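Read through the structure below, which is laid out as C-alpha cells, and then see the notes.
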Amino acid sequence: MSRLRCRLPLLFAAASFMPVLHAQDAPTGGSSWLIGGSASIQRSRNVESEITSTSLDLNPQLGYFIATGLALTANLRFARSTAEGASSTAWGVGPGASYYFGRAPRTLYPYVSGRILWGRDRNTVSIPLPGGELTSSSTNWLWRVAGGGALMLVRNAAVTGELFFARNRRTSRGSEPVARSTDESYGLAVGLSIFAY
C-alpha cells in the first residue's frame, strides 16, 4: 500500500503529459513542416465581358506550423487557360495560412485556408490578320479561400480535397488607357501533402 501511495504522484504526472505527447504525435503539431500541392480543372467567368474559360491550375506549397493546427505557407501557382479564340499562361507567388482542426492523431483533418498571390499573365488571342495572333501581358493579384480535408494515407502523407473560391484582378499595361479586369473562379482541387514532424 505504501508503494502505491509513493507511485501515485508519478502516475498523475505522467497522465498530465499525455495530451502533450498526443499533440506532438499529430502531423499538424507545432514545429512541423508541410510540403505539398494541389491541382484543379476549373471554369472562370470574366465579370465585365461574361466570357467563360477552362483552365488547369497547379499550386505547389511549403508550410510551417507555428502552433498546433496553424501553418503559415509559401505558395506558387502555374495556370494554363483556354477560351474561344484565346489562351493564357499565368504564374504567381505569395503567402498564405491554413488551419487544421483536430489536435490528436486521426485519419481525417478538416481544414480551411487562404492565400494572396502576385503574378503575371501572358495572353494570346487569335485574329483574322497576317500573323494570326496578338499577344499581351498583365500583372495580377489573386485572392483564394478554400475548405476541405486531409485524409491520412500513412503516418506522414495525406491526400487532400478542397472546395475553393478565387478572385483575380488583372492590370494590362500594354495599351492606353490601362485595362483592368476581374475574374472569379470556383471548383474542386485535389492534391497530396507530406508532413515532416
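Letters A, B, ... mark the chains of the C-alpha cells in the order given; residue numbers begin at 1 per chain; ligand numbers begin at 1, in order shown.
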All alpha helix (DSSP H) residues (DSSP, backbone) inside chain A, as a list of chain:residue names:
A:Ser2, A:Arg3, A:Leu4, A:Arg5, A:Cys6, A:Arg7, A:Leu8, A:Pro9, A:Leu10, A:Leu11, A:Phe12, A:Ala13, A:Ala14, A:Ala15, A:Ser16, A:Phe17, A:Met18, A:Pro19, A:Val20, A:Leu21, A:His22, A:Ala23, A:Gln24, A:Asp25
Pick out the residues sitting within 9 Å of Thr135 (chain A), and hand them over as an NGL selection string; count only C-alpha atoms, and ignore anything fewer than 2 positions along from it in its own chain.
:A and (122-126 or 133 or 137)
Dump as a PDB file, in the first residue's frame, selection limited to C-alpha atoms:
ATOM      1  CA  ARG A 122       0.744  36.127 -70.922  1.00  0.00           C
ATOM      2  CA  ASN A 123      -2.318  36.208 -73.178  1.00  0.00           C
ATOM      3  CA  THR A 124      -2.673  35.153 -76.813  1.00  0.00           C
ATOM      4  CA  VAL A 125      -5.695  35.985 -78.970  1.00  0.00           C
ATOM      5  CA  SER A 126      -6.324  34.653 -82.471  1.00  0.00           C
ATOM      6  CA  GLU A 133      -2.432  36.206 -83.248  1.00  0.00           C
ATOM      7  CA  SER A 137       0.841  40.572 -70.776  1.00  0.00           C
TER       8      SER A 137
END
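Counting only C-alpha atoms and comparing A:Phe165, A:Phe65, A:Phe78, A:Tyr109, the residue that lies closest to Leu153 (chain A) is A:Tyr109.
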Can you tell me which residues surround Gly148 (chain A) at a distance of at most 7 Å, considering only C-alpha atoms, apart from same-chain residues fewer than 2 positions away, and format the answer as a PyMOL selection string?
chain A and resi 110-112+146+161-163
Could the residues in this selection be written to a file with N, CA and C atoms, as an mmCIF file, in the first residue's frame?
data_model
loop_
_atom_site.group_PDB
_atom_site.id
_atom_site.type_symbol
_atom_site.label_atom_id
_atom_site.label_comp_id
_atom_site.auth_asym_id
_atom_site.auth_seq_id
_atom_site.Cartn_x
_atom_site.Cartn_y
_atom_site.Cartn_z
ATOM 1 N N PRO A 110 -9.966 18.058 -41.137
ATOM 2 C CA PRO A 110 -10.608 19.150 -41.871
ATOM 3 C C PRO A 110 -9.752 20.421 -41.763
ATOM 4 N N TYR A 111 -9.793 21.263 -42.785
ATOM 5 C CA TYR A 111 -9.002 22.495 -42.745
ATOM 6 C C TYR A 111 -9.655 23.595 -43.564
ATOM 7 N N VAL A 112 -9.232 24.816 -43.263
ATOM 8 C CA VAL A 112 -9.576 25.994 -44.064
ATOM 9 C C VAL A 112 -8.267 26.693 -44.409
ATOM 10 N N ALA A 146 -10.329 28.478 -49.306
ATOM 11 C CA ALA A 146 -10.711 27.089 -49.546
ATOM 12 C C ALA A 146 -11.032 26.400 -48.229
ATOM 13 N N GLY A 161 -8.537 17.113 -50.502
ATOM 14 C CA GLY A 161 -9.605 17.558 -51.389
ATOM 15 C C GLY A 161 -10.213 18.821 -50.812
ATOM 16 N N GLU A 162 -10.452 19.827 -51.655
ATOM 17 C CA GLU A 162 -10.965 21.097 -51.145
ATOM 18 C C GLU A 162 -11.857 21.780 -52.163
ATOM 19 N N LEU A 163 -12.826 22.512 -51.651
ATOM 20 C CA LEU A 163 -13.629 23.421 -52.455
ATOM 21 C C LEU A 163 -13.039 24.812 -52.308
#
Pick out the residues sitting within 9 Å of region 185-197 of chain A, and hand them over as a short mmCIF file (atom, residue, chain, number, x, y, z; two decimals) with N, CA and C atoms, in the first residue's frame; count only C-alpha atoms, and ignore anything fewer than 2 positions along from it in its own chain.
data_model
loop_
_atom_site.label_atom_id
_atom_site.label_comp_id
_atom_site.auth_asym_id
_atom_site.auth_seq_id
_atom_site.Cartn_x
_atom_site.Cartn_y
_atom_site.Cartn_z
N GLN A 24 2.06 16.24 -30.00
CA GLN A 24 3.32 16.19 -30.72
C GLN A 24 3.34 15.07 -31.74
N ASP A 25 2.54 14.00 -31.50
CA ASP A 25 2.47 12.90 -32.45
C ASP A 25 1.60 13.23 -33.66
N ALA A 26 0.79 14.27 -33.59
CA ALA A 26 -0.08 14.65 -34.70
C ALA A 26 0.74 15.35 -35.78
N PRO A 27 0.42 15.10 -37.06
CA PRO A 27 1.17 15.74 -38.15
C PRO A 27 0.99 17.26 -38.20
N THR A 28 -0.06 17.77 -37.55
CA THR A 28 -0.33 19.20 -37.56
C THR A 28 0.15 19.89 -36.29
N GLY A 29 1.04 19.24 -35.53
CA GLY A 29 1.56 19.83 -34.31
C GLY A 29 2.53 20.96 -34.59
N GLY A 30 2.78 21.79 -33.59
CA GLY A 30 3.71 22.91 -33.74
C GLY A 30 5.09 22.44 -34.15
N SER A 31 5.77 23.24 -34.96
CA SER A 31 7.12 23.00 -35.48
C SER A 31 7.18 21.91 -36.54
N SER A 32 6.03 21.46 -37.06
CA SER A 32 6.01 20.52 -38.18
C SER A 32 6.11 21.28 -39.50
N TRP A 33 6.57 20.58 -40.53
CA TRP A 33 6.65 21.13 -41.88
C TRP A 33 5.61 20.49 -42.77
N LEU A 34 5.13 21.23 -43.74
CA LEU A 34 4.14 20.76 -44.70
C LEU A 34 4.67 21.00 -46.11
N ILE A 35 4.75 19.94 -46.90
CA ILE A 35 5.19 20.04 -48.29
C ILE A 35 4.10 19.41 -49.15
N GLY A 36 3.58 20.13 -50.10
CA GLY A 36 2.50 19.55 -50.89
C GLY A 36 2.07 20.44 -52.02
N GLY A 37 0.86 20.22 -52.46
CA GLY A 37 0.32 20.98 -53.55
C GLY A 37 -1.00 20.40 -54.01
N SER A 38 -1.67 21.12 -54.89
CA SER A 38 -2.96 20.67 -55.41
C SER A 38 -3.07 21.03 -56.88
N ALA A 39 -4.00 20.38 -57.54
CA ALA A 39 -4.28 20.65 -58.95
C ALA A 39 -5.78 20.71 -59.14
N SER A 40 -6.21 21.55 -60.05
CA SER A 40 -7.64 21.65 -60.33
C SER A 40 -7.87 22.01 -61.78
N ILE A 41 -8.99 21.54 -62.30
CA ILE A 41 -9.51 21.99 -63.58
C ILE A 41 -10.74 22.82 -63.25
N GLN A 42 -10.77 24.05 -63.73
CA GLN A 42 -11.83 24.96 -63.29
C GLN A 42 -12.41 25.79 -64.41
N ARG A 43 -13.58 26.33 -64.13
CA ARG A 43 -14.25 27.24 -65.03
C ARG A 43 -14.21 28.64 -64.44
N SER A 44 -13.87 29.63 -65.25
CA SER A 44 -13.81 31.02 -64.81
C SER A 44 -14.75 31.87 -65.65
N ARG A 45 -15.23 32.93 -65.03
CA ARG A 45 -16.11 33.88 -65.71
C ARG A 45 -15.58 35.28 -65.54
N ASP A 57 -4.94 24.44 -63.17
CA ASP A 57 -4.27 25.25 -62.15
C ASP A 57 -3.47 24.36 -61.22
N ASN A 59 -0.78 24.25 -57.88
CA ASN A 59 -0.46 25.10 -56.73
C ASN A 59 0.48 24.39 -55.75
N GLN A 61 3.12 24.07 -52.60
CA GLN A 61 3.03 24.77 -51.31
C GLN A 61 4.07 24.23 -50.33
N ALA A 150 -7.82 16.68 -45.18
CA ALA A 150 -6.62 15.90 -45.49
C ALA A 150 -6.82 14.50 -44.93
N ARG A 155 1.52 7.55 -42.01
CA ARG A 155 1.82 8.47 -40.92
C ARG A 155 2.16 9.88 -41.40
N ASN A 156 2.86 10.02 -42.51
CA ASN A 156 3.36 11.33 -42.95
C ASN A 156 2.73 11.86 -44.23
N ALA A 157 1.82 11.13 -44.84
CA ALA A 157 1.29 11.56 -46.13
C ALA A 157 -0.22 11.52 -46.15
N ALA A 158 -0.81 12.51 -46.82
CA ALA A 158 -2.27 12.61 -46.91
C ALA A 158 -2.67 13.03 -48.32
N VAL A 159 -3.82 12.56 -48.75
CA VAL A 159 -4.44 13.07 -49.97
C VAL A 159 -5.44 14.13 -49.54
N THR A 160 -5.50 15.22 -50.28
CA THR A 160 -6.35 16.35 -49.90
C THR A 160 -7.42 16.61 -50.96
N GLY A 161 -8.54 17.11 -50.50
CA GLY A 161 -9.61 17.56 -51.39
C GLY A 161 -10.21 18.82 -50.81
N GLU A 162 -10.45 19.83 -51.65
CA GLU A 162 -10.96 21.10 -51.14
C GLU A 162 -11.86 21.78 -52.16
N LEU A 163 -12.83 22.51 -51.65
CA LEU A 163 -13.63 23.42 -52.46
C LEU A 163 -13.04 24.81 -52.31
N PHE A 164 -12.92 25.56 -53.40
CA PHE A 164 -12.26 26.86 -53.34
C PHE A 164 -13.04 27.91 -54.11
N PHE A 165 -12.76 29.16 -53.75
CA PHE A 165 -13.25 30.32 -54.49
C PHE A 165 -12.08 31.28 -54.65
N ALA A 166 -11.88 31.81 -55.85
CA ALA A 166 -10.76 32.72 -56.11
C ALA A 166 -11.25 33.93 -56.89
N ARG A 167 -10.60 35.05 -56.63
CA ARG A 167 -10.89 36.30 -57.35
C ARG A 167 -9.58 36.87 -57.83
N ASN A 168 -9.48 37.09 -59.14
CA ASN A 168 -8.23 37.51 -59.77
C ASN A 168 -8.42 38.88 -60.42
N ASP A 183 -11.61 38.35 -62.71
CA ASP A 183 -12.13 37.01 -62.91
C ASP A 183 -12.52 36.41 -61.57
#
Could you find all residues in region 92-143 of chain A that DSSP calls strand (DSSP E or B) from the backbone, and write them as a PyMOL selection string?
chain A and resi 92-100+108-126+133-143
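Ranking A:Gly85, A:Gly69, A:Gly149, A:Gly96 by their shortest atom-to-atom distance to Thr52 (chain A), with only C-alpha atoms included, puts A:Gly85 first.
Distances to Gly147 (chain A) were evaluated for A:Ile127, A:Pro105, A:Tyr99, A:Arg120 using only C-alpha atoms, and the minimum falls at A:Tyr99.
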For Arg80 (chain A), list every protein, DNA or RNA residue within 10 Å, evaluated using only C-alpha atoms, and leave out those in the same chain fewer than 2 positions away; present the list as a compact mmCIF listing (two decimals) with C-alpha atoms, in the first residue's frame.
# COMPACT_ATOMS: atom_id res chain seq x y z
CA ILE A 41 -9.51 21.99 -63.58
CA THR A 54 -11.44 26.45 -68.82
CA SER A 55 -8.09 26.20 -67.06
CA LEU A 56 -5.63 23.83 -65.41
CA ASP A 57 -4.27 25.25 -62.15
CA LEU A 58 -1.25 23.82 -60.26
CA PHE A 78 1.06 27.88 -62.58
CA THR A 82 -8.21 28.47 -72.89
CA SER A 87 -5.31 31.25 -74.37
CA SER A 88 -3.39 32.40 -71.30
CA THR A 89 -0.41 31.23 -69.25
CA ALA A 90 -0.05 32.57 -65.70
CA TRP A 91 2.24 32.19 -62.71
CA ASP A 121 -0.18 36.54 -67.27
CA ARG A 122 0.74 36.13 -70.92
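Among the candidate residues A:Arg180, A:Arg169, A:Arg106, A:Arg115, the one lying nearest to Thr73 (chain A) is A:Arg115, with distances computed using only C-alpha atoms.
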To one decimal in Å, tell me the separation between CA of Ser81 (chain A) and CA of Ala97 (chain A).
26.0 Å
So which residues touch Val93 (chain A) within 8 Å, counting only C-alpha atoms, skipping near sequence neighbours fewer than 6 positions away, as an NGL selection string?
:A and (74-77 or 117-119)
Just the number, please: distance in Å from CA of Pro95 (chain A) to CA of Trp141 (chain A), one decimal.
12.1 Å
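Straight-line separation from CA of Ser98 (chain A) to CA of Ala79 (chain A): 21.6 Å.
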